[in-house]
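One structure is given below, encoded as structure tokens.
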2 protein chains.
Amino acid sequence: MKDLNSIKYNERDLVPVIAQDYETGKVLMMAYAKKEQLRKTLETGLAFYYSRSRDEEWLKGDTSGNYQKVVEVRVDCDMDSVLYIVKQDGVACHTGKFSCFYRKLNKKGELENE
Amino acid sequence: MKDLNSIKYNERDLVPVIAQDYETGKVLMMAYAKKEQLRKTLETGLAFYYSRSRDEEWLKGDTSGNYQKVVEVRVDCDMDSVLYIVKQDGVACHTGKFSCFYRKLNKKGELENE
């Protein structure tokens, strides 16, 4: 049976993880996890990631209080990316926005704030 | 003004791109793009990616007919991931499923088919 060992982690043992809000369907953020963080996420029901910049495990909400309660963990067809479907406490983004994807690019490739 | 040059491409000049369906909100797939594919996506309104396995530009739907008509291109707070919001022609996944994320992991970390 396929399991967490079947996932294709990259050369740094990381897999990209998308977080999507269960209620609104909004894509909240993209981050990374190692096998250990996927395991903890499944066991605890809280979203764990691996911070590339701090090089350490990261329980989302541990400092901000903005925990993500994980409803479902999904894997894509070729098993090289993961989707957390979550109930977001507060906001997902450190800027205070609900989603990290709060800006769009116009046709000329320029960033527009909203 | 921030633009496509401000995006943080990785060491292979790629940025991860999430595709989300405009109508249903479903997360369809995750792939990668270089600056040139982001530019073409914005200009043409069709989703372009960069195939890491084939090492070439990839117009989604070019062989399958399952084009993605791009409604919006969003960027996250730290500008290292991109979100295409698309109207999906047909299905997104080469398996014939609408979304590539059609399987979930149970609490024990085992893959469950749906």
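As shown in the structure tokens, the chain order sets the letters A, B, ...; within each chain, residues go from 1, and ligands are also counted from 1 in the order they appear.
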**Study point:** chain A contacts on chain B, only C-alpha atoms, 6 Å, as a ChimeraX atom specification
**Key:** /B:2-4,25,42-43,73-77,100-101,103-105,107,109-111
Serialized selection, N, CA and C atoms, as a JSON list (two decimals), in the first residue's frame:
```json
[["chain", "number", "residue", "atom", "x", "y", "z"],
["B", 2, "LYS", "N", 6.83, 46.63, -8.64],
["B", 2, "LYS", "CA", 7.17, 45.21, -8.68],
["B", 2, "LYS", "C", 6.51, 44.53, -9.87],
["B", 3, "ASP", "N", 7.25, 43.61, -10.47],
["B", 3, "ASP", "CA", 6.73, 42.91, -11.65],
["B", 3, "ASP", "C", 7.31, 41.50, -11.71],
["B", 4, "LEU", "N", 7.25, 40.90, -12.89],
["B", 4, "LEU", "CA", 7.71, 39.51, -13.03],
["B", 4, "LEU", "C", 9.17, 39.32, -12.63],
["B", 25, "GLY", "N", -13.65, 26.20, -7.33],
["B", 25, "GLY", "CA", -12.67, 26.47, -6.29],
["B", 25, "GLY", "C", -11.71, 25.32, -6.04],
["B", 42, "LEU", "N", 0.10, 35.55, -18.96],
["B", 42, "LEU", "CA", -0.56, 36.85, -18.79],
["B", 42, "LEU", "C", -0.97, 37.44, -20.14],
["B", 43, "GLU", "N", -0.13, 37.27, -21.13],
["B", 43, "GLU", "CA", -0.39, 37.87, -22.44],
["B", 43, "GLU", "C", -1.50, 37.15, -23.22],
["B", 73, "VAL", "N", -3.97, 35.88, -12.27],
["B", 73, "VAL", "CA", -2.68, 35.36, -11.81],
["B", 73, "VAL", "C", -2.33, 36.09, -10.52],
["B", 74, "ARG", "N", -2.18, 35.35, -9.44],
["B", 74, "ARG", "CA", -1.90, 35.94, -8.14],
["B", 74, "ARG", "C", -0.51, 35.51, -7.65],
["B", 75, "VAL", "N", 0.06, 36.33, -6.77],
["B", 75, "VAL", "CA", 1.39, 36.06, -6.24],
["B", 75, "VAL", "C", 1.31, 36.09, -4.72],
["B", 76, "ASP", "N", 2.08, 35.27, -4.04],
["B", 76, "ASP", "CA", 1.97, 35.26, -2.58],
["B", 76, "ASP", "C", 2.83, 36.35, -1.95],
["B", 77, "CYS", "N", 2.70, 36.50, -0.64],
["B", 77, "CYS", "CA", 3.31, 37.61, 0.11],
["B", 77, "CYS", "C", 4.81, 37.71, -0.08],
["B", 100, "CYS", "N", -5.87, 16.84, -10.00],
["B", 100, "CYS", "CA", -4.79, 15.89, -9.72],
["B", 100, "CYS", "C", -4.80, 15.42, -8.26],
["B", 101, "PHE", "N", -5.47, 16.18, -7.39],
["B", 101, "PHE", "CA", -5.49, 15.84, -5.96],
["B", 101, "PHE", "C", -6.71, 14.98, -5.64],
["B", 103, "ARG", "N", -6.78, 11.87, -4.43],
["B", 103, "ARG", "CA", -6.59, 10.85, -3.39],
["B", 103, "ARG", "C", -6.24, 11.51, -2.07],
["B", 104, "LYS", "N", -6.62, 10.88, -0.99],
["B", 104, "LYS", "CA", -6.25, 11.44, 0.30],
["B", 104, "LYS", "C", -5.47, 10.45, 1.14],
["B", 105, "LEU", "N", -4.80, 10.99, 2.13],
["B", 105, "LEU", "CA", -4.04, 10.18, 3.08],
["B", 105, "LEU", "C", -4.88, 10.00, 4.34],
["B", 107, "LYS", "N", -5.24, 8.83, 8.52],
["B", 107, "LYS", "CA", -4.47, 9.25, 9.70],
["B", 107, "LYS", "C", -3.18, 8.45, 9.87],
["B", 109, "GLY", "N", -1.34, 7.67, 7.43],
["B", 109, "GLY", "CA", -0.43, 8.05, 6.37],
["B", 109, "GLY", "C", -0.55, 7.18, 5.14],
["B", 110, "GLU", "N", -1.61, 6.38, 5.07],
["B", 110, "GLU", "CA", -1.82, 5.52, 3.91],
["B", 110, "GLU", "C", -2.70, 6.22, 2.88],
["B", 111, "LEU", "N", -2.40, 5.95, 1.62],
["B", 111, "LEU", "CA", -3.11, 6.57, 0.52],
["B", 111, "LEU", "C", -4.43, 5.86, 0.30]]
```
Check your understanding: Where does DSSP see alpha helix (DSSP H) in chain A, if you list the residues as an NGL selection string?
Key -> :A and (35-44)
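You can rank A:Val15, A:Tyr32, A:Asp21, A:Tyr9 by their closest distance to Gln88 (chain A) using only C-alpha atoms, and at the top of that list sits A:Asp21.
Take CA of Tyr50 (chain A) and CA of Ala33 (chain A): the distance between them is 4.7 Å.
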**Study point:** All strand (DSSP E or B) positions in chain A, as number ranges by chain
**Key:** A: 3, 15-21, 27-33, 46, 48-51, 56-59, 68-75, 82-88, 103-105, 110-112
Next, the residues of the selection above should be written as a CSV table (one decimal), in the first residue's frame with N, CA and C atoms.
```csv
chain,number,residue,atom,x,y,z
A,3,ASP,N,2.0,4.9,0.9
A,3,ASP,CA,1.9,5.7,2.1
A,3,ASP,C,2.9,6.9,2.1
A,15,VAL,N,8.6,18.3,0.4
A,15,VAL,CA,7.5,18.3,-0.6
A,15,VAL,C,6.7,19.6,-0.5
A,16,PRO,N,6.3,20.2,-1.6
A,16,PRO,CA,5.5,21.4,-1.5
A,16,PRO,C,4.1,21.1,-1.0
A,17,VAL,N,3.6,21.9,-0.2
A,17,VAL,CA,2.3,21.8,0.4
A,17,VAL,C,1.5,23.0,0.2
A,18,ILE,N,0.3,22.8,-0.4
A,18,ILE,CA,-0.7,23.9,-0.6
A,18,ILE,C,-1.7,23.8,0.6
A,19,ALA,N,-2.0,25.0,1.1
A,19,ALA,CA,-3.1,25.0,2.1
A,19,ALA,C,-4.3,25.7,1.6
A,20,GLN,N,-5.4,25.1,1.7
A,20,GLN,CA,-6.7,25.6,1.1
A,20,GLN,C,-7.7,25.7,2.3
A,21,ASP,N,-8.4,26.8,2.3
A,21,ASP,CA,-9.4,27.0,3.4
A,21,ASP,C,-10.7,26.2,3.1
A,27,VAL,N,-7.3,29.5,-1.6
A,27,VAL,CA,-5.9,29.0,-1.5
A,27,VAL,C,-5.2,30.0,-0.5
A,28,LEU,N,-4.7,29.5,0.6
A,28,LEU,CA,-4.2,30.3,1.7
A,28,LEU,C,-2.7,30.6,1.5
A,29,MET,N,-1.9,29.6,1.2
A,29,MET,CA,-0.5,29.7,1.2
A,29,MET,C,0.2,28.5,0.6
A,30,MET,N,1.4,28.6,0.3
A,30,MET,CA,2.2,27.4,-0.1
A,30,MET,C,3.5,27.3,0.7
A,31,ALA,N,3.7,26.1,1.2
A,31,ALA,CA,5.0,26.0,2.0
A,31,ALA,C,5.5,24.6,1.8
A,32,TYR,N,6.4,24.1,2.6
A,32,TYR,CA,7.0,22.8,2.4
A,32,TYR,C,6.9,21.9,3.7
A,33,ALA,N,7.0,20.6,3.5
A,33,ALA,CA,7.0,19.7,4.7
A,33,ALA,C,8.0,18.6,4.3
A,46,LEU,N,-3.4,19.2,13.2
A,46,LEU,CA,-2.9,20.6,13.0
A,46,LEU,C,-1.8,20.6,11.9
A,48,PHE,N,1.4,21.1,10.2
A,48,PHE,CA,2.9,21.3,10.4
A,48,PHE,C,3.5,21.5,9.1
A,49,TYR,N,4.6,22.3,9.1
A,49,TYR,CA,5.4,22.5,7.9
A,49,TYR,C,6.9,22.5,8.3
A,50,TYR,N,7.7,22.6,7.3
A,50,TYR,CA,9.1,22.7,7.6
A,50,TYR,C,9.6,24.1,7.0
A,51,SER,N,10.1,24.9,7.9
A,51,SER,CA,10.6,26.2,7.5
A,51,SER,C,12.0,26.1,6.8
A,56,GLU,N,13.8,24.5,10.3
A,56,GLU,CA,13.3,23.7,11.5
A,56,GLU,C,11.8,23.5,11.3
A,57,GLU,N,11.3,22.5,12.0
A,57,GLU,CA,9.9,22.2,12.0
A,57,GLU,C,9.1,23.4,12.4
A,58,TRP,N,7.9,23.6,11.9
A,58,TRP,CA,7.1,24.8,12.1
A,58,TRP,C,5.6,24.3,12.2
A,59,LEU,N,5.1,24.5,13.5
A,59,LEU,CA,3.7,24.3,13.7
A,59,LEU,C,3.0,25.6,13.4
A,68,GLN,N,-4.0,26.0,11.9
A,68,GLN,CA,-4.8,25.5,10.8
A,68,GLN,C,-5.3,24.1,11.2
A,69,LYS,N,-6.5,23.9,11.4
A,69,LYS,CA,-7.1,22.6,11.8
A,69,LYS,C,-7.3,21.8,10.5
A,70,VAL,N,-6.7,20.7,10.3
A,70,VAL,CA,-6.6,20.0,9.0
A,70,VAL,C,-7.8,19.1,8.9
A,71,VAL,N,-8.6,19.3,7.9
A,71,VAL,CA,-9.8,18.5,7.6
A,71,VAL,C,-9.4,17.3,6.8
A,72,GLU,N,-8.5,17.5,5.8
A,72,GLU,CA,-8.1,16.5,4.9
A,72,GLU,C,-6.7,16.7,4.3
A,73,VAL,N,-5.9,15.7,4.1
A,73,VAL,CA,-4.6,15.8,3.4
A,73,VAL,C,-4.7,15.0,2.1
A,74,ARG,N,-4.5,15.7,1.0
A,74,ARG,CA,-4.6,15.1,-0.3
A,74,ARG,C,-3.2,15.1,-1.0
A,75,VAL,N,-3.0,14.1,-1.9
A,75,VAL,CA,-1.8,14.0,-2.6
A,75,VAL,C,-2.1,14.0,-4.1
A,82,VAL,N,1.4,18.1,-2.1
A,82,VAL,CA,0.4,17.8,-1.1
A,82,VAL,C,-0.6,18.9,-0.9
A,83,LEU,N,-1.8,18.6,-0.6
A,83,LEU,CA,-2.8,19.7,-0.3
A,83,LEU,C,-3.4,19.5,1.0
A,84,TYR,N,-3.3,20.5,1.9
A,84,TYR,CA,-3.9,20.5,3.2
A,84,TYR,C,-5.2,21.2,3.0
A,85,ILE,N,-6.4,20.6,3.4
A,85,ILE,CA,-7.6,21.4,3.4
A,85,ILE,C,-7.9,21.7,4.9
A,86,VAL,N,-8.0,23.0,5.3
A,86,VAL,CA,-7.9,23.4,6.7
A,86,VAL,C,-9.0,24.3,7.1
A,87,LYS,N,-9.3,24.3,8.4
A,87,LYS,CA,-10.1,25.4,9.0
A,87,LYS,C,-9.1,26.3,9.6
A,88,GLN,N,-9.0,27.5,9.0
A,88,GLN,CA,-8.0,28.5,9.4
A,88,GLN,C,-8.5,29.3,10.6
A,103,ARG,N,-2.4,39.5,-3.8
A,103,ARG,CA,-2.1,40.5,-4.9
A,103,ARG,C,-2.1,39.8,-6.2
A,104,LYS,N,-2.4,40.5,-7.2
A,104,LYS,CA,-2.4,39.9,-8.6
A,104,LYS,C,-1.5,40.7,-9.5
A,105,LEU,N,-1.2,39.9,-10.6
A,105,LEU,CA,-0.4,40.5,-11.7
A,105,LEU,C,-1.3,40.9,-12.8
A,110,GLU,N,2.8,43.4,-14.1
A,110,GLU,CA,3.0,44.3,-12.9
A,110,GLU,C,2.1,43.9,-11.7
A,111,LEU,N,2.7,44.0,-10.5
A,111,LEU,CA,2.0,43.6,-9.3
A,111,LEU,C,1.0,44.7,-8.9
A,112,GLU,N,-0.3,44.3,-8.7
A,112,GLU,CA,-1.3,45.2,-8.2
A,112,GLU,C,-1.7,44.8,-6.8
```
